[in-house]
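Novice: A single structure is presented below for examination.
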Amino acid sequence: MERTLIADCAERIGETVKISGWVKTRRDHGKIVFIDLRDRTGVLQCVVTPDTENYEELKRIRPQWTVDFQGIIKKRPEKLINQDLKTGSMEMEVKEFKILSEAQELPIDISADELGLHLETLLDFRNLTIRNEKVGAIFKIYAEVLRSYAEYLRSQGFVEIKTPKLLSASTEGGAEFFKVKYFEREAFLAQSPQFYKQAAVGSFERVFEIGPVFRAEPHFTSRHINEFIGLDAEMGFIHDSNDVMDMLEESMKHILTDVKKNCQDSLKLYNSDVEIPEKFPRIRFSEALDILRKEFGKEIEGNDINPEGERLICQWAKKKHGSDLIFLTNYPWTIRPMYIMPDPENPRETMGFDLLYKGVEISSGGQRIHQYEQLVENMKKKNLNPEDFSSYLEIFRYGMPPHGGWGLGSERIIQKILGLKSIKEAILFPRDVRRLTP
Ligand code: AMO
């Protein structure tokens, strides 16, 4: 008999079907055994009675065994309907079964709606905890974010590219790179696709990449991780950074709209209601400092807005503009990379921006310098040696349009949509300072 998916059982009431999946829970009620079976589409209560063929064998079944069940789909009596479960108004009366594989006794219980595990335990037993529906829901939403991002940019004429992650030099400099042995040489893991996406603008005008980004930051924060998936984009023939922000804003609206529309079941598990502002406010970095000073009595030490500052600015944006997202523009020249265009009207500022979402930076980007001489000059001003960037500089010898783009942290989007305490929960198998397994 062909397999029926659990979500399709509602249309098969009264029929004999075969379903396949994992045993989620089993409850013995005297001679009757209730087994909740999970497949990729849902969970169904299956009832085993002494009439079931090979009843004694079936009673051996334990959580996470994989099985085929064949039986009749029946409506449950009114008083036994489980409103919390999509399939709560029906059950299968099991007639025959086949054990596909047995499972050892589980080291942790993963059947609860709310696992309530310490983060390290959740990650130590990741092979198992991702089988929990609430945990699994994170990655269904994640897949929708990736799909939606790519779909929107394709619709806007962007070509998807993949760029190398093994490099002969670190991309953006600093100390945040991993060294790896590359045959007889040393190589570096890419800190961003920055130089390659810019080079690709030279051919395609508009490109995007969904790919791994490696950062050797020894951080132990709720929003940093050493390997993440960047949603990068770069576009040519822009007027200024506003064109880039417009495109990023539309991309984010598209993502949030799709998640809201297509992931209702998953969002419900987190009580998450995705709000999509009509317009993301844009304020200058210097204005943000004023707001922090005047509205919150916070003086920012150093150059950049710290995590607390980001949180407060988002609080302000929500109150003043009813928006969970806000752009900060015109970042100071001193804290932006050498490839970001200085503001022609004020060289102390740049055409670089950040996008904040519910208290955290989720993206940074800006207009780039597209002329060779200006780029060399900017590098020198930043005490960088242009010879160290000769292959990057090559791009600008051969005619580059005014262009700009962004890097967007995919996991931070999910973390903020669902209100997850740590970014690590939004990654299937996260890599942090201590963790290289599972
Ligand atoms: P930046 O370094 O700001 O910019 O990174 C872009 C976005 O990537 C995410 N991100 C991280 N997510 C998780 N863990 C980390 N350690 C981490 N570091 C960064 C954030 C951030 O906003 N080349 C530029 C982008 C550009 O200008 O196009 C860059 O890499 O969401």
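Residues in the structure tokens are named by chain (A, B, ... in the order shown) and by number from 1 within that chain; ligands are numbered from 1 in the order shown.
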Determine, counting only C-alpha atoms, which protein, DNA and RNA residues have an atom within 7 Å of an atom of segment 399-402 of chain A; residues of the same chain fewer than 5 positions away are not included. Present the result as a PyMOL selection string.

Specialist: chain A and resi 202+236-238+370

Novice: So which residues touch Ser203 of chain A within 12 Å, counting only C-alpha atoms, skipping near sequence neighbours fewer than 4 positions away, as JSON, numbers by chain?

Specialist: {"A": [158, 159, 161, 196, 197, 198, 199, 207, 234, 235, 236, 395, 398, 399, 400, 401]}

Novice: Could you list, as a count of residues only, all protein and nucleic acid residues with an atom at most 6 Å from ligand 1, counting only C-alpha atoms and all ligand atoms?

Specialist: 21

Novice: Skipping near chain neighbours, those fewer than 4 positions away, what residues fall within 9 Å of Lys31 of chain A using only C-alpha atoms, listed as a list in words?

Specialist: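 The residues satisfying every condition are Val48, Thr49 and Pro50 of chain A.
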
Novice: Would you list the contacts of segment 268-282 of chain A as a list in words, taking every protein, DNA or RNA residue within 8 Å and counting only C-alpha atoms, but skipping same-chain residues closer than 3 positions in sequence?

Specialist: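 Near neighbours after the sequence-gap exclusion: Lys134, Ala137, Glu249, Lys253, Leu256, Thr257, Val259, Lys260, Gln264, Asp265, Ala317, His321, Gly322, Ser323, Asp324, Leu325, Ile326, Phe327, Leu328, Thr329, Ile417, Leu418 and Gly419 of chain A.
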
Novice: Please provide as a PyMOL selection string all residues within 9 Å of Thr4 of chain A, with the sequence filter that same-chain residues fewer than 5 positions apart are discarded (counting only C-alpha atoms).

Specialist: chain A and resi 9+17-20

Novice: List every residue of segment 121-332 of chain A that DSSP, applied to the backbone of this structure, assigns to helix (DSSP H, G or I), and report them as a PyMOL selection string.

Specialist: chain A and resi 121-124+126-129+133-155+194-204+241-262+264-269+285-296+307-321

Novice: Using only C-alpha atoms, which of A:Lys140, A:His239, A:Arg185, A:Lys165 sits nearest Ser266 of chain A?

Specialist: A:Lys140

Novice: Quick one: residues within 10 Å of Glu349 of chain A, only C-alpha atoms, excluding same-chain residues fewer than 6 positions away - as a short mmCIF file (atom, residue, chain, number, x, y, z; two decimals) with N, CA, C and O atoms, in the first residue's frame?

Specialist:
data_model
loop_
_atom_site.label_atom_id
_atom_site.label_comp_id
_atom_site.auth_asym_id
_atom_site.auth_seq_id
_atom_site.Cartn_x
_atom_site.Cartn_y
_atom_site.Cartn_z
N ARG A 284 19.83 59.54 10.73
CA ARG A 284 21.28 59.56 10.68
C ARG A 284 21.85 59.01 11.99
O ARG A 284 21.23 59.14 13.04
N PHE A 285 23.04 58.47 11.89
CA PHE A 285 23.76 57.98 13.05
C PHE A 285 23.86 59.08 14.12
O PHE A 285 23.61 58.84 15.31
N SER A 286 24.19 60.32 13.65
CA SER A 286 24.36 61.42 14.62
C SER A 286 23.02 61.74 15.32
O SER A 286 23.01 62.07 16.51
N THR A 329 21.66 55.76 9.22
CA THR A 329 22.44 56.09 8.02
C THR A 329 23.65 56.97 8.38
O THR A 329 23.80 57.39 9.53
N ASN A 330 24.46 57.26 7.38
CA ASN A 330 25.60 58.17 7.54
C ASN A 330 26.51 57.80 8.71
O ASN A 330 26.79 58.62 9.58
N TYR A 331 26.94 56.56 8.73
CA TYR A 331 27.87 56.14 9.79
C TYR A 331 29.19 56.90 9.67
O TYR A 331 29.61 57.26 8.57
N PRO A 332 29.84 57.14 10.81
CA PRO A 332 31.12 57.87 10.76
C PRO A 332 32.16 57.13 9.90
O PRO A 332 32.20 55.90 9.90
N TRP A 333 32.98 57.90 9.24
CA TRP A 333 34.03 57.35 8.36
C TRP A 333 34.98 56.44 9.15
O TRP A 333 35.44 55.43 8.66
N THR A 334 35.25 56.84 10.39
CA THR A 334 36.25 56.10 11.18
C THR A 334 35.83 54.65 11.47
O THR A 334 36.70 53.81 11.70
N ILE A 335 34.54 54.36 11.48
CA ILE A 335 34.15 53.00 11.85
C ILE A 335 33.56 52.20 10.68
O ILE A 335 32.97 51.16 10.87
N ARG A 336 33.75 52.69 9.49
CA ARG A 336 33.28 51.94 8.32
C ARG A 336 34.47 51.47 7.49
O ARG A 336 35.50 52.14 7.45
N MET A 341 31.70 54.36 0.60
CA MET A 341 31.79 55.71 0.04
C MET A 341 31.67 56.77 1.14
O MET A 341 30.69 56.79 1.87
N PRO A 342 32.68 57.69 1.21
CA PRO A 342 32.51 58.82 2.14
C PRO A 342 31.35 59.69 1.65
O PRO A 342 31.07 59.74 0.45
N ASP A 343 30.68 60.32 2.59
CA ASP A 343 29.56 61.21 2.21
C ASP A 343 30.14 62.43 1.48
O ASP A 343 30.96 63.15 2.06
#

Novice: Go through A:Ser101, A:Ile369, A:His254, A:Ile6 and flag the residue nearest Ile73 of chain A, using only C-alpha atoms for the distances.

Specialist: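 Looking only at the distances to Ile73 of chain A, the closest residue turns out to be A:Ile6.
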
Novice: Give me, as a list in words, all polymer residues having an atom no more than 12 Å from Lys381 of chain A, counting only C-alpha atoms and skipping those fewer than 2 positions away in the same chain.

Specialist: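 Near neighbours after the sequence-gap exclusion: Trp333, Thr334, Pro337, Met338, Tyr339, Pro342, Pro347, Gln374, Leu375, Val376, Glu377, Asn378, Met379, Asn383, Leu384, Asn385 and Pro386 of chain A.
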
Novice: Please, could you write that set of residues out with N, CA and C atoms as a PDB file, in the first residue's frame?

Specialist:
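Below is the file part_21.pdb, written as the result:
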ATOM      1  N   TRP A 333      32.983  57.897   9.244  1.00  0.00           N
ATOM      2  CA  TRP A 333      34.027  57.352   8.362  1.00  0.00           C
ATOM      3  C   TRP A 333      34.980  56.440   9.152  1.00  0.00           C
ATOM      4  N   THR A 334      35.248  56.839  10.390  1.00  0.00           N
ATOM      5  CA  THR A 334      36.246  56.095  11.183  1.00  0.00           C
ATOM      6  C   THR A 334      35.835  54.649  11.466  1.00  0.00           C
ATOM      7  N   PRO A 337      34.333  50.320   6.821  1.00  0.00           N
ATOM      8  CA  PRO A 337      35.464  49.776   6.065  1.00  0.00           C
ATOM      9  C   PRO A 337      35.895  50.685   4.910  1.00  0.00           C
ATOM     10  N   MET A 338      37.090  50.412   4.392  1.00  0.00           N
ATOM     11  CA  MET A 338      37.685  51.290   3.361  1.00  0.00           C
ATOM     12  C   MET A 338      36.882  51.325   2.068  1.00  0.00           C
ATOM     13  N   TYR A 339      36.021  50.328   1.840  1.00  0.00           N
ATOM     14  CA  TYR A 339      35.299  50.309   0.561  1.00  0.00           C
ATOM     15  C   TYR A 339      34.011  51.128   0.580  1.00  0.00           C
ATOM     16  N   PRO A 342      32.682  57.692   1.212  1.00  0.00           N
ATOM     17  CA  PRO A 342      32.507  58.816   2.139  1.00  0.00           C
ATOM     18  C   PRO A 342      31.354  59.689   1.650  1.00  0.00           C
ATOM     19  N   PRO A 347      32.781  64.563   4.618  1.00  0.00           N
ATOM     20  CA  PRO A 347      33.706  63.424   4.557  1.00  0.00           C
ATOM     21  C   PRO A 347      33.930  62.722   5.905  1.00  0.00           C
ATOM     22  N   GLN A 374      40.062  56.942  -5.989  1.00  0.00           N
ATOM     23  CA  GLN A 374      39.423  57.283  -4.701  1.00  0.00           C
ATOM     24  C   GLN A 374      39.571  56.137  -3.698  1.00  0.00           C
ATOM     25  N   LEU A 375      39.508  54.917  -4.219  1.00  0.00           N
ATOM     26  CA  LEU A 375      39.618  53.749  -3.333  1.00  0.00           C
ATOM     27  C   LEU A 375      41.032  53.640  -2.756  1.00  0.00           C
ATOM     28  N   VAL A 376      42.031  53.838  -3.631  1.00  0.00           N
ATOM     29  CA  VAL A 376      43.424  53.781  -3.164  1.00  0.00           C
ATOM     30  C   VAL A 376      43.651  54.859  -2.100  1.00  0.00           C
ATOM     31  N   GLU A 377      43.117  56.026  -2.380  1.00  0.00           N
ATOM     32  CA  GLU A 377      43.300  57.142  -1.448  1.00  0.00           C
ATOM     33  C   GLU A 377      42.640  56.830  -0.093  1.00  0.00           C
ATOM     34  N   ASN A 378      41.451  56.257  -0.161  1.00  0.00           N
ATOM     35  CA  ASN A 378      40.726  55.930   1.080  1.00  0.00           C
ATOM     36  C   ASN A 378      41.466  54.856   1.875  1.00  0.00           C
ATOM     37  N   MET A 379      42.030  53.873   1.159  1.00  0.00           N
ATOM     38  CA  MET A 379      42.817  52.831   1.835  1.00  0.00           C
ATOM     39  C   MET A 379      43.994  53.462   2.579  1.00  0.00           C
ATOM     40  N   ASN A 383      45.329  53.854   6.675  1.00  0.00           N
ATOM     41  CA  ASN A 383      46.606  53.175   6.962  1.00  0.00           C
ATOM     42  C   ASN A 383      46.649  51.736   6.463  1.00  0.00           C
ATOM     43  N   LEU A 384      45.983  51.497   5.332  1.00  0.00           N
ATOM     44  CA  LEU A 384      46.052  50.173   4.711  1.00  0.00           C
ATOM     45  C   LEU A 384      46.996  50.280   3.520  1.00  0.00           C
ATOM     46  N   ASN A 385      47.655  49.163   3.201  1.00  0.00           N
ATOM     47  CA  ASN A 385      48.568  49.154   2.068  1.00  0.00           C
ATOM     48  C   ASN A 385      47.826  48.658   0.821  1.00  0.00           C
ATOM     49  N   PRO A 386      47.626  49.533  -0.173  1.00  0.00           N
ATOM     50  CA  PRO A 386      46.871  49.116  -1.367  1.00  0.00           C
ATOM     51  C   PRO A 386      47.448  47.855  -2.010  1.00  0.00           C
TER      52      PRO A 386
END

Novice: Give the strand (DSSP E) residues of segment 223-329 of chain A, as assigned by DSSP on the backbone, as an mmCIF file with C-alpha atoms, in the first residue's frame.

Specialist:
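What ended up in part21.cif:
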data_model
loop_
_atom_site.group_PDB
_atom_site.id
_atom_site.type_symbol
_atom_site.label_atom_id
_atom_site.label_comp_id
_atom_site.auth_asym_id
_atom_site.auth_seq_id
_atom_site.Cartn_x
_atom_site.Cartn_y
_atom_site.Cartn_z
ATOM 1 C CA GLU A 227 29.757 30.450 11.278
ATOM 2 C CA PHE A 228 26.573 32.015 9.973
ATOM 3 C CA ILE A 229 24.687 32.252 6.718
ATOM 4 C CA GLY A 230 24.876 35.654 5.123
ATOM 5 C CA LEU A 231 22.205 37.012 2.803
ATOM 6 C CA ASP A 232 24.339 39.310 0.692
ATOM 7 C CA ALA A 233 23.399 41.484 -2.243
ATOM 8 C CA GLU A 234 25.088 44.050 -4.442
ATOM 9 C CA MET A 235 23.605 46.303 -7.134
ATOM 10 C CA GLY A 236 25.022 48.603 -9.798
ATOM 11 C CA ARG A 282 15.694 56.299 8.392
ATOM 12 C CA ILE A 283 17.676 58.465 10.751
ATOM 13 C CA ARG A 284 21.284 59.564 10.682
ATOM 14 C CA LEU A 325 12.776 48.115 11.954
ATOM 15 C CA ILE A 326 14.874 51.226 11.563
ATOM 16 C CA PHE A 327 17.778 52.302 9.342
ATOM 17 C CA LEU A 328 20.669 54.249 10.812
ATOM 18 C CA THR A 329 22.443 56.093 8.017
#

Novice: Just give me the gap between atom CA of Lys424 of chain A and atom CA of Asn303 of chain A in Å, one decimal is fine.

Specialist: 28.0 Å

Novice: Could I get the residues of segment 42-68 of chain A with an atom no further than 7 Å from an atom of segment 76-95 of chain A, each paired with its nearest atom pair and that distance in Å to one decimal, using only C-alpha atoms, sorted by chain and residue number, as CSV?

Specialist:
residue,atom,partner,partner_atom,distance
A:Val43,CA,A:Thr87,CA,7.0
A:Leu44,CA,A:Thr87,CA,6.1
A:Gln45,CA,A:Glu91,CA,5.0
A:Cys46,CA,A:Met92,CA,4.6
A:Val47,CA,A:Glu93,CA,5.0
A:Val48,CA,A:Val94,CA,5.5
A:Thr52,CA,A:Lys95,CA,4.7
A:Glu53,CA,A:Lys95,CA,6.0

Novice: So that I have them on file, write out the residues from the current selection with C-alpha atoms, as a JSON list (two decimals), in the first residue's frame.

Specialist:
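Result went into out08.json, see below:
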[["chain", "number", "residue", "atom", "x", "y", "z"],
["A", 43, "VAL", "CA", 1.22, 14.05, 14.42],
["A", 44, "LEU", "CA", -1.57, 11.47, 14.58],
["A", 45, "GLN", "CA", -2.87, 9.50, 17.53],
["A", 46, "CYS", "CA", -2.81, 5.78, 16.74],
["A", 47, "VAL", "CA", -4.73, 3.29, 18.83],
["A", 48, "VAL", "CA", -3.44, -0.23, 19.33],
["A", 52, "THR", "CA", -3.99, -5.48, 16.25],
["A", 53, "GLU", "CA", -1.98, -8.12, 14.45]]

Novice: Would you please work out which residue, of A:His403, A:Thr221, A:Cys314, A:Arg38, is nearest to Phe204 of chain A when using only C-alpha atoms?

Specialist: A:His403
